[in-house]
Amino acid sequence: MYASDVEAADALKVKYQELTKEIGQVIVGQHDVIEKVIIAILCNGHSLLVGVPGLAKTLLVQTISDVLDLEFKRVQFTPDLMPSDITGAEILDENRNMKFIPGPLFANIILADEINRTPPKTQAALLEAMQERTITVSGELHRLPAPFFVLATQNPIEQEGTYPLPEAQLDRFMFNIWLDYPTYEEEVDVIKKTTADRKVDLKTVLTGEEILYFQQLIRRVPVPDNVMEYAVSLVHKTRPNEQGTDFARQYISWGAGPRASQNLILGAKCNALINGKYSPDIEDVQAVSLDILRHRVVRNYKAEAEGLSIEDVISKLL
């Protein structure tokens with residue numbers, strides 16, 4: 001596709017700028033959120049978007065799917081949603097043979113809307129799909145299309161009618177991205193755009209083939225030993241054991257696993273490329289660390305009693 005990896009890296013930076021420009025026609029602000037979702041897609045990872053209703057989480061995912069030439073399916077998670085509703089099921093056809101009817105998971109981008117409003121049984125049905133890119137129905141293995149991403153939205157767990165996601169499933173998300181309220185100026189801009197008769201035609205920037213190519217390119221990016229060691233030592237600092245820090249033992253119930261280290265390095269590689277660098281440095285690891293560690297580090301009672309948020313805990317470790 002490109003003559004060299006350097007040429008491909010330069011092309012990725014240009015593509016990223018085009019993506020953010022197109023998405024910015026619909027989404028006001030939220031630059032950090034958009035950047036993290038694109039990094040996750042380029043790293044073949046999943047993203048969890050957390051925020052109160054009305055912050056354009058669903059619109060953001062739909063807009064990203066519009067600028068990527070990929071098949072998009074939305075699943076509205078509700079308390080009565082069954083696993084077969086998302087994976088598909090086998091039915092008896094007119095010839096009395098069993099026939100598999102694929103569910104909405106058979107697409108490139110899955111918007112799992114309000115994922116924590118459905119019981120754990122259905123949440124668990126996503127686990128195999130997210131990790132293995134396959135699903136098993138009636139003992140039969142079905143491969144999902146590539147590329148495949150789950151972009152899930154979640155309401156804060158303090159709200160009525162929500163179920164906390166199991167830790168094993170949370171760990172499958174590369175990023176846990178928090179959406180905050182817009183600033184006054186951004187909200188004025190949102191109201192102007194959304195209350196006028198305005199239609200935006202978004203152009204496609206990346207195809208599925210290009211995404212798969214750039215995912216391989218990111219894997220080939222060299223990482224200096226000091227950056228690798230920094231990422232691993234940062235994850236080790238989160239663990240309240242004999243290898244961890246006094247701070248971790250004092251304020252953390254349990255820390256991040258090796259998947260966090262993998263994601264820190266992959267995220268740092270992609271962050272370097274989209275910013276015009278050919279190899280990541282420690283600043284690139286730090287740029288992605290909060291959203292990678294936020295859902296993998298659990299505060300203990302003492303941290304909560306002293307008013308330390310999970311962001312406070314991670315910034316102390318950094």
# chains A, B, ... in the order shown; residues from 1 in each chain; ligands from 1

call {"tool": "select_by_dssp", "arguments": {"residues": "range 63-234 of chain A", "states": "alpha helix (DSSP H)", "output": "VMD selection string"}}
result
chain A and resid 63 to 67 83 to 87 120 to 132 167 to 170 184 to 194 208 to 220 225 to 234

call {"tool": "residues_around", "arguments": {"residues": "range 210-226 of chain A", "least_positions_apart": "2", "cutoff": "9 Å", "atoms": "only C-alpha atoms", "output": "ChimeraX atom specification"}}
result
/A:1,5,8-9,12,41-44,68,146-147,206-208,228-231,265-266,269-270,273,278-282

call {"tool": "residues_around", "arguments": {"residues": "Lys199 in chain A", "least_positions_apart": "6", "cutoff": "12 Å", "atoms": "only C-alpha atoms", "output": "PDB file with C-alpha atoms, in the first residue's frame"}}
result
ATOM      1  CA  GLN A  25     -18.210  19.120  11.690  1.00  0.00           C
ATOM      2  CA  VAL A  26     -20.732  17.245  13.847  1.00  0.00           C
ATOM      3  CA  LYS A 193     -25.801  23.828  15.207  1.00  0.00           C
TER       4      LYS A 193
END

call {"tool": "residues_around", "arguments": {"residues": "Ile86 in chain A", "least_positions_apart": "2", "cutoff": "7 Å", "atoms": "only C-alpha atoms", "output": "ChimeraX atom specification"}}
result
/A:83-84,88,103-105

call {"tool": "write_last_selection", "arguments": {"atoms": "N, CA and C atoms", "output": "mmCIF file, in the first residue's frame"}}
result
data_model
loop_
_atom_site.group_PDB
_atom_site.id
_atom_site.type_symbol
_atom_site.label_atom_id
_atom_site.label_comp_id
_atom_site.auth_asym_id
_atom_site.auth_seq_id
_atom_site.Cartn_x
_atom_site.Cartn_y
_atom_site.Cartn_z
ATOM 1 N N PRO A 83 -28.805 -12.978 25.544
ATOM 2 C CA PRO A 83 -27.561 -13.180 24.785
ATOM 3 C C PRO A 83 -27.801 -13.475 23.307
ATOM 4 N N SER A 84 -28.811 -14.305 22.996
ATOM 5 C CA SER A 84 -29.074 -14.659 21.593
ATOM 6 C C SER A 84 -29.542 -13.454 20.775
ATOM 7 N N GLY A 88 -27.019 -13.917 17.824
ATOM 8 C CA GLY A 88 -27.742 -14.662 16.796
ATOM 9 C C GLY A 88 -28.182 -16.008 17.342
ATOM 10 N N GLY A 103 -26.674 -12.400 14.547
ATOM 11 C CA GLY A 103 -27.177 -11.256 15.301
ATOM 12 C C GLY A 103 -26.430 -9.991 14.926
ATOM 13 N N PRO A 104 -26.717 -8.892 15.600
ATOM 14 C CA PRO A 104 -26.089 -7.608 15.253
ATOM 15 C C PRO A 104 -24.586 -7.544 15.516
ATOM 16 N N LEU A 105 -24.017 -8.536 16.239
ATOM 17 C CA LEU A 105 -22.571 -8.529 16.454
ATOM 18 C C LEU A 105 -21.786 -8.738 15.159
#

call {"tool": "closest_residue", "arguments": {"among": "A:Lys302, A:Leu308, A:Asp10, A:Ala40", "to": "Ala268 in chain A", "atoms": "only C-alpha atoms"}}
result
A:Ala40

call {"tool": "closest_residue", "arguments": {"among": "A:Ile274, A:Leu179, A:Val37, A:Leu92", "to": "Glu18 in chain A", "atoms": "only C-alpha atoms"}}
result
A:Ile274

call {"tool": "residues_around", "arguments": {"residues": "Tyr301 in chain A", "least_positions_apart": "3", "cutoff": "9 Å", "atoms": "only C-alpha atoms", "output": "PDB file with C-alpha atoms, in the first residue's frame"}}
result
ATOM      1  CA  TYR A 251      -4.932   3.192  48.815  1.00  0.00           C
ATOM      2  CA  ILE A 252      -5.483   0.454  46.170  1.00  0.00           C
ATOM      3  CA  SER A 253      -7.526  -2.755  46.542  1.00  0.00           C
ATOM      4  CA  GLU A 304     -12.658   6.844  49.244  1.00  0.00           C
ATOM      5  CA  ALA A 305     -12.772   8.051  52.860  1.00  0.00           C
ATOM      6  CA  GLU A 306     -10.000  10.574  52.141  1.00  0.00           C
TER       7      GLU A 306
END

call {"tool": "closest_atom_pairs", "arguments": {"of": "range 172-246 of chain A", "to": "range 126-135 of chain A", "cutoff": "12 Å", "atoms": "only C-alpha atoms", "output": "Markdown table"}}
result
| residue | atom | partner | partner_atom | distance |
| --- | --- | --- | --- | --- |
| A:Arg172 | CA | A:Gln131 | CA | 6.6 |
| A:Phe173 | CA | A:Met130 | CA | 8.3 |
| A:Met174 | CA | A:Met130 | CA | 10.6 |

call {"tool": "write_last_selection", "arguments": {"atoms": "N, CA and C atoms", "output": "JSON list (two decimals), in the first residue's frame"}}
result
[["chain", "number", "residue", "atom", "x", "y", "z"],
["A", 172, "ARG", "N", -11.39, -5.95, 29.07],
["A", 172, "ARG", "CA", -11.36, -6.12, 27.61],
["A", 172, "ARG", "C", -11.39, -4.77, 26.88],
["A", 173, "PHE", "N", -11.81, -3.72, 27.56],
["A", 173, "PHE", "CA", -11.82, -2.40, 26.94],
["A", 173, "PHE", "C", -10.44, -1.78, 27.04],
["A", 174, "MET", "N", -9.91, -1.35, 25.92],
["A", 174, "MET", "CA", -8.60, -0.69, 25.94],
["A", 174, "MET", "C", -8.68, 0.62, 26.72]]

call {"tool": "atom_distance", "arguments": {"atom1": "CA of Asp201 in chain A", "atom2": "CA of Gln17 in chain A"}}
result
17.5 Å

call {"tool": "closest_residue", "arguments": {"among": "A:Val28, A:Ile23, A:Val14, A:Ala125", "to": "Tyr184 in chain A", "atoms": "only C-alpha atoms"}}
result
A:Val28

call {"tool": "atom_distance", "arguments": {"atom1": "CA of Val205 in chain A", "atom2": "CA of Asp66 in chain A"}}
result
9.1 Å

call {"tool": "atom_distance", "arguments": {"atom1": "CA of Ile310 in chain A", "atom2": "CA of Pro240 in chain A"}}
result
14.8 Å

call {"tool": "select_by_dssp", "arguments": {"residues": "range 164-306 of chain A", "states": "strand (DSSP E or B)", "output": "short mmCIF file (atom, residue, chain, number, x, y, z; two decimals) with N, CA and C atoms, in the first residue's frame"}}
result
data_model
loop_
_atom_site.label_atom_id
_atom_site.label_comp_id
_atom_site.auth_asym_id
_atom_site.auth_seq_id
_atom_site.Cartn_x
_atom_site.Cartn_y
_atom_site.Cartn_z
N PHE A 173 -11.81 -3.72 27.56
CA PHE A 173 -11.82 -2.40 26.94
C PHE A 173 -10.44 -1.78 27.04
N MET A 174 -9.91 -1.35 25.92
CA MET A 174 -8.60 -0.69 25.94
C MET A 174 -8.68 0.62 26.72
N PHE A 175 -9.72 1.42 26.41
CA PHE A 175 -9.88 2.73 27.06
C PHE A 175 -11.21 2.81 27.80
N ASN A 176 -11.18 3.47 28.95
CA ASN A 176 -12.40 3.88 29.64
C ASN A 176 -12.38 5.41 29.60
N ILE A 177 -13.19 5.99 28.72
CA ILE A 177 -13.11 7.42 28.43
C ILE A 177 -14.27 8.15 29.11
N TRP A 178 -13.95 9.13 29.93
CA TRP A 178 -14.98 9.92 30.61
C TRP A 178 -15.32 11.15 29.79
N LEU A 206 -11.33 6.62 5.91
CA LEU A 206 -10.57 5.37 6.02
C LEU A 206 -11.44 4.17 5.65
N THR A 207 -10.88 3.24 4.88
CA THR A 207 -11.58 2.00 4.57
C THR A 207 -11.15 0.91 5.56
N ILE A 252 -4.96 1.23 47.30
CA ILE A 252 -5.48 0.45 46.17
C ILE A 252 -5.86 -0.95 46.62
N SER A 253 -7.07 -1.39 46.23
CA SER A 253 -7.53 -2.75 46.54
C SER A 253 -6.85 -3.76 45.63
N TRP A 254 -6.91 -3.51 44.32
CA TRP A 254 -6.11 -4.31 43.38
C TRP A 254 -5.78 -3.48 42.16
N VAL A 298 -8.54 -0.32 41.29
CA VAL A 298 -9.68 -0.16 42.20
C VAL A 298 -9.21 0.43 43.52
N ARG A 299 -9.82 1.57 43.88
CA ARG A 299 -9.48 2.20 45.17
C ARG A 299 -10.02 1.38 46.33
#
